[in-house]
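Asker: This is target_21.txt (compact mmCIF, C-alpha atoms).
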```txt
# COMPACT_ATOMS: atom_id res chain seq x y z
CA MET A 4 7.35 -25.73 -44.41
CA GLY A 5 10.84 -24.68 -45.48
CA MET A 6 13.90 -24.44 -43.30
CA THR A 7 13.84 -20.60 -43.40
CA TRP A 8 10.35 -20.44 -41.95
CA ARG A 9 11.20 -22.96 -39.27
CA ARG A 10 14.24 -20.94 -38.25
CA THR A 11 12.27 -17.68 -38.28
CA ILE A 12 9.50 -19.07 -36.10
CA ALA A 13 11.98 -20.79 -33.76
CA GLY A 14 13.88 -17.53 -33.42
CA LEU A 15 10.67 -15.62 -32.79
CA MET A 16 9.61 -18.10 -30.12
CA ILE A 17 12.99 -18.03 -28.37
CA LEU A 18 12.99 -14.23 -28.36
CA ALA A 19 9.38 -14.04 -27.14
CA GLY A 20 10.01 -16.64 -24.44
CA LEU A 21 13.18 -15.03 -23.14
CA LEU A 22 11.69 -11.53 -23.15
CA THR A 23 8.57 -12.63 -21.32
CA LEU A 24 10.42 -14.81 -18.81
CA GLY A 25 12.79 -11.95 -18.05
CA TYR A 26 10.02 -9.40 -17.85
CA VAL A 27 7.79 -11.46 -15.57
CA GLY A 28 10.72 -12.64 -13.44
CA ILE A 29 12.10 -9.14 -12.85
CA SER A 30 8.59 -7.75 -12.22
CA SER A 31 8.02 -10.45 -9.60
CA TYR A 32 11.25 -9.56 -7.87
CA ILE A 33 10.33 -5.85 -7.84
CA ALA A 34 6.91 -6.75 -6.40
CA GLU A 35 8.63 -8.73 -3.65
CA GLN A 36 10.79 -5.72 -2.81
CA LEU A 37 7.79 -3.40 -2.96
CA VAL A 38 5.61 -5.18 -0.43
CA TYR A 39 8.05 -5.35 2.46
CA GLU A 40 10.96 -3.55 4.03
CA THR A 41 12.72 -4.29 7.32
CA PRO A 42 10.94 -2.24 10.01
CA LYS A 43 12.67 0.74 11.54
CA PRO A 44 13.35 0.39 15.27
CA ILE A 45 11.60 2.61 17.80
CA VAL A 46 14.13 4.61 19.76
CA ARG A 47 12.05 6.98 21.89
CA THR A 48 8.75 6.74 23.76
CA PRO A 49 6.31 9.45 24.94
CA ALA A 50 8.09 9.26 28.31
CA SER A 51 11.11 10.91 26.68
CA LEU A 52 8.86 13.95 26.18
CA GLY A 53 7.58 13.83 29.77
CA LEU A 54 4.23 12.18 29.03
CA ARG A 55 2.47 9.30 30.77
CA PHE A 56 1.48 6.47 28.47
CA ALA A 57 0.58 2.79 28.37
CA SER A 58 1.92 0.31 25.83
CA VAL A 59 -1.03 -1.47 24.26
CA THR A 60 -1.69 -4.35 21.88
CA PHE A 61 -4.90 -4.65 19.89
CA PRO A 62 -6.08 -6.59 16.85
CA SER A 63 -6.78 -5.13 13.45
CA ARG A 64 -10.39 -5.43 12.32
CA ASP A 65 -11.29 -8.54 10.26
CA ASP A 66 -7.84 -10.12 9.95
CA HIS A 67 -6.83 -9.79 13.64
CA ILE A 68 -3.16 -8.84 13.31
CA ASN A 69 -1.87 -7.85 16.76
CA LEU A 70 -0.68 -4.26 16.52
CA GLN A 71 1.57 -2.47 19.00
CA GLY A 72 0.81 1.04 20.15
CA TRP A 73 0.96 3.78 22.78
CA PHE A 74 -2.10 4.97 24.61
CA ILE A 75 -1.33 8.53 25.66
CA PRO A 76 -3.93 10.38 27.76
CA GLY A 77 -4.44 14.08 27.19
CA VAL A 78 -3.27 16.51 29.84
CA LEU A 79 -5.77 19.14 31.03
CA PRO A 80 -4.63 22.66 32.03
CA ASP A 81 -4.88 21.69 35.71
CA GLY A 82 -2.63 18.67 35.13
CA ARG A 83 -5.37 16.03 35.28
CA LEU A 84 -5.29 13.30 32.62
CA THR A 85 -8.18 12.73 30.22
CA VAL A 86 -9.19 10.22 27.56
CA ASP A 87 -12.48 12.03 26.85
CA ARG A 88 -11.38 12.82 23.26
CA MET A 89 -9.00 10.34 21.66
CA ILE A 90 -7.14 10.84 18.41
CA VAL A 91 -5.98 7.80 16.44
CA ALA A 92 -2.62 8.96 15.05
CA VAL A 93 -1.27 7.13 12.00
CA HIS A 94 2.29 7.31 10.67
CA GLY A 95 3.48 7.24 7.07
CA THR A 96 4.87 4.46 4.92
CA ARG A 97 7.93 2.56 6.15
CA GLN A 98 7.84 4.55 9.39
CA ASN A 99 6.59 3.70 12.88
CA ARG A 100 4.66 5.35 15.71
CA GLU A 101 7.75 7.37 16.64
CA SER A 102 8.20 8.38 12.99
CA PRO A 103 11.21 10.70 13.30
CA GLY A 104 10.94 11.55 9.58
CA ASP A 105 7.72 13.49 10.04
CA HIS A 106 8.04 14.13 13.81
CA LEU A 107 4.87 12.24 14.70
CA LEU A 108 5.94 11.65 18.31
CA GLU A 109 6.46 15.38 18.86
CA LEU A 110 3.10 16.10 17.24
CA THR A 111 1.24 13.53 19.35
CA ALA A 112 2.93 14.94 22.46
CA ALA A 113 1.80 18.46 21.52
CA LEU A 114 -1.78 17.26 21.02
CA ALA A 115 -1.71 15.45 24.38
CA ARG A 116 -0.54 18.65 26.10
CA HIS A 117 -3.62 20.35 24.63
CA GLY A 118 -5.96 17.85 26.27
CA LEU A 119 -6.32 15.43 23.37
CA GLY A 120 -5.62 11.78 24.16
CA VAL A 121 -3.71 9.92 21.45
CA LEU A 122 -3.61 6.29 20.39
CA SER A 123 -0.49 6.02 18.26
CA PHE A 124 0.36 2.62 16.82
CA ASP A 125 2.54 0.77 14.34
CA MET A 126 0.66 -0.30 11.27
CA ARG A 127 1.11 -3.90 10.13
CA GLY A 128 4.58 -4.71 8.85
CA MET A 129 6.08 -1.61 10.47
CA GLY A 130 7.66 -0.74 13.81
CA GLU A 131 7.00 -3.46 16.39
CA SER A 132 3.83 -4.81 14.75
CA PRO A 133 4.09 -8.23 13.04
CA PRO A 134 5.50 -8.56 9.51
CA ALA A 135 2.81 -8.09 6.86
CA PRO A 136 2.68 -6.91 3.28
CA LEU A 137 2.64 -3.19 2.64
CA SER A 138 -0.46 -2.18 0.68
CA MET A 139 -0.37 1.61 1.04
CA GLY A 140 -3.68 1.75 2.89
CA ALA A 141 -5.73 -0.94 1.19
CA LEU A 142 -5.15 -3.42 4.03
CA GLU A 143 -3.84 -1.00 6.64
CA GLN A 144 -7.24 0.68 6.94
CA ARG A 145 -8.19 -2.42 8.95
CA ASP A 146 -5.51 -1.38 11.46
CA VAL A 147 -7.14 2.03 11.93
CA LEU A 148 -10.53 0.36 12.27
CA GLY A 149 -8.99 -2.02 14.84
CA ALA A 150 -7.72 1.01 16.77
CA VAL A 151 -11.24 2.45 16.82
CA ASP A 152 -12.67 -0.90 17.99
CA PHE A 153 -10.03 -1.04 20.72
CA LEU A 154 -10.90 2.44 21.98
CA ARG A 155 -14.62 1.67 21.98
CA ARG A 156 -14.71 -1.89 23.24
CA GLY A 157 -11.19 -3.11 24.15
CA THR A 158 -9.74 -3.39 27.62
CA ALA A 159 -9.24 0.15 28.90
CA PRO A 160 -5.46 0.69 29.32
CA MET A 161 -6.08 3.22 32.11
CA PRO A 162 -9.41 2.12 33.64
CA GLU A 163 -9.45 4.99 36.11
CA LEU A 164 -9.81 7.42 33.17
CA GLY A 165 -12.81 5.61 31.67
CA ARG A 166 -13.55 5.35 27.97
CA PRO A 167 -13.35 8.01 25.26
CA ARG A 168 -16.48 10.02 24.57
CA ILE A 169 -15.48 10.73 20.99
CA ILE A 170 -12.76 9.64 18.54
CA GLY A 171 -10.91 11.56 15.83
CA GLY A 172 -8.27 10.49 13.31
CA LEU A 173 -5.02 12.09 12.22
CA GLY A 174 -2.66 10.73 9.61
CA ILE A 175 0.44 11.77 7.74
CA SER A 176 1.17 10.72 4.15
CA MET A 177 0.19 7.05 3.79
CA GLY A 178 -1.25 7.32 7.30
CA ALA A 179 -3.48 10.15 6.08
CA ALA A 180 -4.67 8.13 3.09
CA THR A 181 -5.31 5.19 5.41
CA VAL A 182 -7.31 7.31 7.88
CA LEU A 183 -9.37 8.70 4.98
CA LEU A 184 -10.13 5.17 3.77
CA ALA A 185 -11.05 4.02 7.29
CA ALA A 186 -13.15 7.07 8.14
CA SER A 187 -15.16 6.71 4.96
CA GLN A 188 -16.53 3.43 6.30
CA GLU A 189 -16.47 4.01 10.09
CA PRO A 190 -18.80 6.72 11.40
CA ALA A 191 -17.23 6.45 14.87
CA ILE A 192 -14.31 8.48 13.51
CA ALA A 193 -15.94 11.85 14.16
CA ALA A 194 -13.33 14.11 12.53
CA VAL A 195 -10.24 13.64 10.38
CA VAL A 196 -6.98 15.54 9.90
CA SER A 197 -5.24 14.43 6.71
CA ASP A 198 -1.72 15.71 6.13
CA SER A 199 -0.09 15.03 2.73
CA ALA A 200 -2.50 12.27 1.62
CA TYR A 201 -2.48 10.92 -1.90
CA ALA A 202 -5.67 10.71 -3.94
CA GLU A 203 -4.63 7.33 -5.33
CA VAL A 204 -1.36 5.53 -4.85
CA VAL A 205 -0.80 3.78 -8.19
CA PRO A 206 0.48 6.84 -10.14
CA ILE A 207 2.91 7.55 -7.28
CA LEU A 208 4.13 3.96 -7.16
CA GLU A 209 4.58 3.84 -10.93
CA ARG A 210 6.73 6.94 -10.72
CA GLU A 211 8.66 5.70 -7.69
CA ILE A 212 9.32 2.24 -9.17
CA ALA A 213 10.92 3.93 -12.16
CA LYS A 214 13.17 5.92 -9.79
CA ARG A 215 13.99 2.96 -7.61
CA SER A 216 17.21 1.03 -7.53
CA VAL A 217 16.58 -2.66 -6.86
CA ALA A 218 19.63 -4.76 -6.03
CA PRO A 219 21.07 -6.47 -8.01
CA ILE A 220 19.13 -5.11 -11.01
CA GLY A 221 19.95 -1.46 -10.41
CA ARG A 222 17.70 1.28 -11.77
CA VAL A 223 14.34 -0.13 -12.85
CA PRO A 224 12.83 1.08 -16.15
CA GLY A 225 9.25 2.35 -15.87
CA VAL A 226 8.01 -0.40 -18.15
CA PHE A 227 8.24 -2.82 -15.21
CA ALA A 228 5.90 -0.76 -13.02
CA PRO A 229 2.49 -1.99 -14.25
CA SER A 230 3.49 -5.64 -14.14
CA ALA A 231 5.17 -5.26 -10.72
CA LEU A 232 1.85 -3.93 -9.36
CA VAL A 233 -0.04 -6.82 -10.96
CA MET A 234 2.54 -9.27 -9.59
CA ALA A 235 2.11 -7.82 -6.09
CA ARG A 236 -1.55 -8.69 -6.34
CA LEU A 237 -0.99 -12.10 -7.84
CA LEU A 238 1.82 -13.22 -5.55
CA TYR A 239 1.01 -11.48 -2.27
CA GLY A 240 -2.65 -10.49 -2.55
CA VAL A 241 -1.74 -6.80 -2.30
CA ASP A 242 -4.12 -4.67 -4.34
CA PHE A 243 -2.44 -1.29 -4.66
CA PHE A 244 -5.24 -0.27 -7.00
CA ALA A 245 -7.62 -0.31 -4.00
CA ALA A 246 -5.63 2.40 -2.19
CA ARG A 247 -7.75 5.23 -3.63
CA PRO A 248 -9.01 7.62 -0.93
CA VAL A 249 -10.38 9.83 -3.71
CA ALA A 250 -13.01 7.18 -4.41
CA THR A 251 -14.39 7.23 -0.86
CA VAL A 252 -13.49 10.58 0.73
CA ALA A 253 -16.90 12.10 -0.04
CA ARG A 254 -18.47 9.58 2.38
CA ILE A 255 -16.78 11.29 5.34
CA ALA A 256 -19.27 14.17 5.12
CA PRO A 257 -20.95 15.59 7.14
CA ARG A 258 -18.12 14.86 9.57
CA PRO A 259 -15.44 17.58 9.59
CA LEU A 260 -12.32 17.02 7.51
CA PHE A 261 -9.10 19.03 7.62
CA LEU A 262 -6.83 18.66 4.57
CA ILE A 263 -3.22 19.86 4.88
CA HIS A 264 -0.61 19.83 2.10
CA GLY A 265 2.75 21.45 1.38
CA THR A 266 3.32 23.34 -1.86
CA ALA A 267 6.84 21.91 -2.22
CA ASP A 268 5.70 18.29 -1.89
CA ASP A 269 7.39 16.46 -4.75
CA TYR A 270 6.52 12.95 -3.50
CA VAL A 271 2.75 13.43 -3.33
CA PRO A 272 2.24 16.46 -5.58
CA ILE A 273 -0.31 19.06 -4.48
CA SER A 274 -2.58 17.98 -7.33
CA ASN A 275 -3.54 15.10 -5.00
CA PHE A 276 -4.73 17.60 -2.39
CA LEU A 277 -6.75 19.49 -5.02
CA GLU A 278 -8.32 16.26 -6.24
CA LEU A 279 -9.24 15.12 -2.72
CA ASN A 280 -10.58 18.55 -1.83
CA ALA A 281 -12.73 18.72 -4.96
CA VAL A 282 -14.35 15.37 -4.19
CA ALA A 283 -14.61 15.93 -0.41
CA THR A 284 -16.40 19.25 -0.91
CA SER A 285 -18.73 17.96 -3.60
CA GLY A 286 -21.53 17.12 -1.15
CA GLN A 287 -23.87 19.81 0.20
CA ASP A 288 -23.24 18.67 3.78
CA ALA A 289 -19.43 18.66 3.49
CA HIS A 290 -17.37 20.38 6.19
CA VAL A 291 -13.88 20.65 4.79
CA THR A 292 -11.13 22.90 6.11
CA THR A 293 -7.96 23.28 4.06
CA TRP A 294 -4.48 24.57 4.71
CA ILE A 295 -1.85 24.80 1.98
CA VAL A 296 1.52 25.22 3.65
CA PRO A 297 3.93 27.32 1.55
CA ASN A 298 7.28 25.69 0.75
CA ALA A 299 6.62 22.61 2.90
CA ARG A 300 7.98 19.37 1.44
CA HIS A 301 6.30 16.01 1.81
CA ALA A 302 4.94 15.45 5.32
CA GLN A 303 7.03 18.36 6.63
CA ALA A 304 4.21 20.84 7.38
CA PHE A 305 4.52 20.26 11.16
CA LYS A 306 8.30 20.57 11.05
CA LYS A 307 8.02 23.75 8.97
CA THR A 308 5.30 25.52 10.96
CA GLY A 309 5.57 24.00 14.48
CA ALA A 310 3.27 25.87 16.87
CA GLU A 311 1.01 27.14 14.09
CA TYR A 312 0.38 23.55 12.97
CA VAL A 313 -0.54 22.52 16.52
CA THR A 314 -2.78 25.56 17.00
CA ARG A 315 -4.69 24.86 13.77
CA VAL A 316 -5.08 21.14 14.40
CA VAL A 317 -6.13 21.60 18.03
CA ALA A 318 -8.63 24.32 17.02
CA PHE A 319 -10.05 21.95 14.39
CA PHE A 320 -10.44 19.10 16.87
CA ASP A 321 -11.86 21.42 19.56
CA ALA A 322 -14.52 22.59 17.11
CA ALA A 323 -15.22 19.12 15.73
CA LEU A 324 -15.09 17.02 18.88
CA GLY A 325 -16.11 19.56 21.51
CA ALA A 326 -14.14 20.70 24.52
CA ALA A 327 -12.40 18.24 26.84
CA GLY A 328 -14.65 16.96 29.62
CA MET B 14 -6.11 -32.69 -36.59
CA ARG B 15 -3.14 -30.72 -37.92
CA ILE B 16 -4.65 -27.49 -36.64
CA LEU B 17 -5.17 -29.01 -33.22
CA ARG B 18 -1.58 -30.16 -33.12
CA ALA B 19 -0.37 -26.72 -34.14
CA ALA B 20 -2.61 -25.13 -31.48
CA GLN B 21 -1.01 -27.31 -28.81
CA PRO B 22 1.61 -24.73 -27.72
CA ILE B 23 -0.95 -21.97 -27.19
CA LEU B 24 -3.25 -24.31 -25.27
CA VAL B 25 -0.39 -25.61 -23.17
CA LEU B 26 0.71 -22.02 -22.53
CA VAL B 27 -2.72 -21.21 -21.09
CA VAL B 28 -2.71 -24.39 -18.97
CA LEU B 29 0.83 -23.74 -17.71
CA VAL B 30 -0.02 -20.16 -16.70
CA ALA B 31 -3.18 -21.31 -14.91
CA LEU B 32 -1.27 -24.10 -13.15
CA LEU B 33 1.52 -21.78 -12.09
CA VAL B 34 -0.86 -19.15 -10.74
CA GLY B 35 -2.88 -21.81 -8.91
CA LEU B 36 0.23 -23.39 -7.42
CA THR B 37 1.51 -20.01 -6.25
CA ILE B 38 -1.79 -19.15 -4.59
CA ILE B 39 -1.78 -22.52 -2.80
CA ALA B 40 1.83 -21.89 -1.69
CA ARG B 41 0.78 -18.48 -0.37
CA LEU B 42 -2.14 -19.91 1.56
CA ILE B 43 -0.06 -22.71 3.10
CA SER B 44 3.01 -20.63 3.96
CA GLY B 45 0.85 -17.75 5.21
CA HIS B 46 0.42 -19.58 8.52
CA ALA B 47 4.18 -19.35 9.14
CA GLY B 48 4.11 -15.55 8.93
CA PHE B 49 4.62 -13.09 6.13
CA LEU B 50 8.42 -13.26 6.10
CA VAL B 51 8.28 -16.99 5.28
CA GLU B 52 5.33 -16.53 2.91
CA ARG B 53 7.18 -13.84 0.97
CA GLN B 54 10.20 -16.07 0.32
CA VAL B 55 8.20 -19.25 -0.37
CA VAL B 56 5.93 -17.52 -2.85
CA LEU B 57 8.83 -16.00 -4.77
CA VAL B 58 10.75 -19.29 -4.91
CA VAL B 59 7.66 -21.27 -6.04
CA TRP B 60 6.78 -18.64 -8.63
CA LEU B 61 10.26 -18.17 -10.11
CA SER B 62 11.14 -21.88 -10.19
CA GLY B 63 7.68 -22.56 -11.65
CA LEU B 64 8.38 -19.99 -14.36
CA VAL B 65 11.65 -21.70 -15.28
CA ILE B 66 10.08 -25.19 -15.33
CA ALA B 67 7.07 -23.95 -17.31
CA GLY B 68 9.47 -22.22 -19.72
CA ALA B 69 11.40 -25.47 -20.26
CA VAL B 70 8.20 -27.51 -20.81
CA PHE B 71 6.89 -24.91 -23.23
CA ALA B 72 10.18 -24.71 -25.14
CA THR B 73 10.26 -28.50 -25.61
CA LEU B 74 6.70 -28.53 -26.86
CA VAL B 75 7.21 -25.60 -29.21
CA GLY B 76 10.34 -27.24 -30.67
CA ARG B 77 8.32 -30.35 -31.48
CA SER B 78 5.47 -28.31 -32.94
CA ILE B 79 7.84 -26.36 -35.19
CA ARG B 80 9.34 -29.58 -36.53
CA ARG B 81 5.87 -30.95 -37.27
CA ALA B 82 4.36 -27.75 -38.71
CA ASP B 83 3.78 -28.42 -42.39
CA SER B 84 0.93 -26.11 -43.42
CA PRO B 85 0.48 -22.32 -43.60
CA SER B 86 -2.28 -22.39 -40.96
CA SER B 87 -0.11 -24.23 -38.42
CA ARG B 88 2.73 -21.82 -39.18
CA TRP B 89 0.52 -18.81 -38.48
CA LEU B 90 -0.78 -20.41 -35.30
CA LEU B 91 2.78 -20.63 -34.06
CA VAL B 92 3.36 -16.97 -34.91
CA ALA B 93 0.16 -16.13 -32.99
CA THR B 94 1.49 -18.14 -30.03
CA ALA B 95 4.67 -16.05 -30.06
CA LEU B 96 2.57 -12.87 -30.06
CA VAL B 97 0.46 -14.09 -27.14
CA LEU B 98 3.66 -14.95 -25.30
CA THR B 99 4.98 -11.40 -25.65
CA SER B 100 1.65 -9.76 -24.82
CA PRO B 101 2.49 -8.85 -21.17
CA LEU B 102 5.56 -6.92 -22.26
CA ALA B 103 3.84 -5.50 -25.35
CA LEU B 104 0.91 -4.18 -23.30
CA SER B 105 3.31 -2.48 -20.87
CA LEU B 106 5.32 -0.95 -23.69
CA LEU B 107 2.12 0.47 -25.17
CA GLN B 108 1.38 2.12 -21.80
CA HIS B 109 4.96 3.31 -21.31
CA PRO B 110 6.37 4.34 -24.67
CA SER B 111 10.05 5.24 -24.58
CA PRO B 112 10.62 9.02 -24.39
```
What would you get if you wrote out this structure as structure tokens?

Answerer:
Amino acid sequence: MGMTWRRTIAGLMILAGLLTLGYVGISSYIAEQLVYETPKPIVRTPASLGLRFASVTFPSRDDHINLQGWFIPGVLPDGRLTVDRMIVAVHGTRQNRESPGDHLLELTAALARHGLGVLSFDMRGMGESPPAPLSMGALEQRDVLGAVDFLRRGTAPMPELGRPRIIGGLGISMGAATVLLAASQEPAIAAVVSDSAYAEVVPILEREIAKRSVAPIGRVPGVFAPSALVMARLLYGVDFFAARPVATVARIAPRPLFLIHGTADDYVPISNFLELNAVATSGQDAHVTTWIVPNARHAQAFKKTGAEYVTRVVAFFDAALGAAG
Amino acid sequence: MRILRAAQPILVLVVLVALLVGLTIIARLISGHAGFLVERQVVLVVWLSGLVIAGAVFATLVGRSIRRADSPSSRWLLVATALVLTSPLALSLLQHPSP
């Protein structure tokens, strides 16, 4: 073989090696950034809104991560407390059970004042729960299932109030997707409110990775997105491809499902709502209620509509779970 | 025999990737007991340093193979090795063509 060929092949190899090393290395770093972020501190508790509550700890199902939460009994019109109907409330990504971004604490307080008890908790890796990789619902559904197990069989935080008769689920954004995933496999979740859920997370992550600025790299080109997702699976066991509520949402039927989405949502576009609704209503026994909130941005339907949001959600749970006992 | 020698880089590439992935998974399993914050750092360090070491081993081997390549078939095998090496990036570029 002549010198020219040797040089050409050597050059080709060096170029291929450097490109691949750089590509894989940068993708790995993006994956590392993607799966964890320092948790946001919790500033307020339900007491700041005049509610009684108990701080609780319970394990996630299967992998037994100890999650931190608030057990908030519902308040009946005569002032008595009740845990007859409990709602598992689930916050969005990189939030916590206070979740000031989407006003989850205010929403849970409003539900409690309408006689619905609430178990609000920090999903793994967020708030005061232990550090864990973020998987956008794929692993976090075990946290919701753990919350259901806790309500059904765990130590009652307020023994004088007994145990819940029936359990519902409510989630916002990633919390909504997570509740949908959990409810599709847990019949004890008798009704679900899903606000701003995605149908599948990978298209959203691919778009967001391309928008993201990762220090010290800066703006990340979209070409790194597929390999960053693969690297997250390889390095940290996080399978973002499994966070697909659209694949399982039909299994929630015949239990009632309430899908809420804002028309101005540019993070989880309304096409996700349409996709979820199409699949959820595909069965003959489906009971799906929908509410498209005009001009509401991502996870801002409650902030935008306030009392109307509470009225609709409470009416849904009253119909689905029965009146408070 | 010549073909086998020329195929050495591609075979070593496969072995190196398998070793690196295996080592990283073991590192994840071991460091997982210390909590995710430790696991996250350990895994990244093992993976990235493994990439650099594997790159150096591969480069040395390829250099030797290029010097020894003396037939058209061994030359084309080396070109094929370069193509396999770039396949992760090439596959991504096919999915994400530039606008």

Asker: Considering all atoms listed in the file, extract the chain B residues located within 6 Å of chain A and return them as a PyMOL selection string.

Answerer: chain B and resi 49+83+95+99+105+109

Asker: Mind giving me the straight-line distance from atom CA of Arg77 of chain B to atom CA of Leu32 of chain B in Å, one decimal?

Answerer: 21.6 Å

Asker: With distances taken over all atoms listed in the file, which of B:Gly45, B:Thr94, B:Leu104, B:Trp60 is nearest to Ala72 of chain B?

Answerer: B:Thr94

Asker: Quick one: what's the axis-aligned box for segment 50-67 of chain B, all listed atoms, 6 Å on every side, centre and edges in Å to one decimal, as JSON?

Answerer:
```
{"center_x": 8.5, "center_y": -19.2, "center_z": -5.6, "size_x": 18.3, "size_y": 23.9, "size_z": 35.4}
```

Asker: For a test of reading the model, state the distance in Å between atom CA of Glu163 of chain A and atom CA of Leu79 of chain A, rounded to one decimal.

Answerer: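 That distance, rounded to one decimal, is 15.5 Å.
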
Asker: To one decimal place in Å, what is the distance between atom CA of Phe124 of chain A and atom CA of Val91 of chain A?

Answerer: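 Those two atoms sit 8.2 Å apart.
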
Asker: List every protein, DNA or RNA residue that has an atom no more than 9 Å from (6.6, -4.4, 15.1) in the file's coordinate frame, counting all atoms listed in the file, and report them as a ChimeraX atom specification.

Answerer: /A:42-44,70-71,99,125-134

Asker: Choose the residue, out of A:Gly77, A:Gly82, A:Pro206, A:Pro257, that has the smallest atom-to-atom separation from Val271 of chain A; count all atoms listed in the file.

Answerer: A:Pro206

Asker: Within 9 Å of Ala67 of chain B, counting only C-alpha atoms, which residues show up once you throw out same-chain ones fewer than 3 positions away? Write them as a ChimeraX atom specification, please.

Answerer: /B:26,29-30,33,62-64,70-72

Asker: Skip segment 54-57 of chain B itself and residues of its chain fewer than 4 positions away, then list as a list in words all residues within 7 Å of it, counting only C-alpha atoms.

Answerer: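 Using only C-alpha atoms, the neighbours found are Leu238 of chain A; Thr37, Ala40, Arg41, Ser44, Leu50 and Leu61 of chain B.
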
Asker: Taking (10.7, 0.7, -12.5) in the file's coordinates as the center, which residues reach within 9 Å of it, counting only C-alpha atoms, put as an MDAnalysis selection string?

Answerer: chainID A and resid 30 33 209:217 222:229 231

Asker: Which residue out of A:Ala202, A:Ala245, A:Ile170, A:Leu119 has the minimum interatomic distance to Ser274 of chain A when all atoms listed in the file are used?

Answerer: A:Ala202

Asker: As a ChimeraX atom specification, please: the residues near Ile169 of chain A (cut-off 12 Å, all atoms listed in the file, same-chain neighbours under 2 positions excluded).

Answerer: /A:85-91,119-121,151,154-155,166-167,171-172,190-194,320-321,323-328
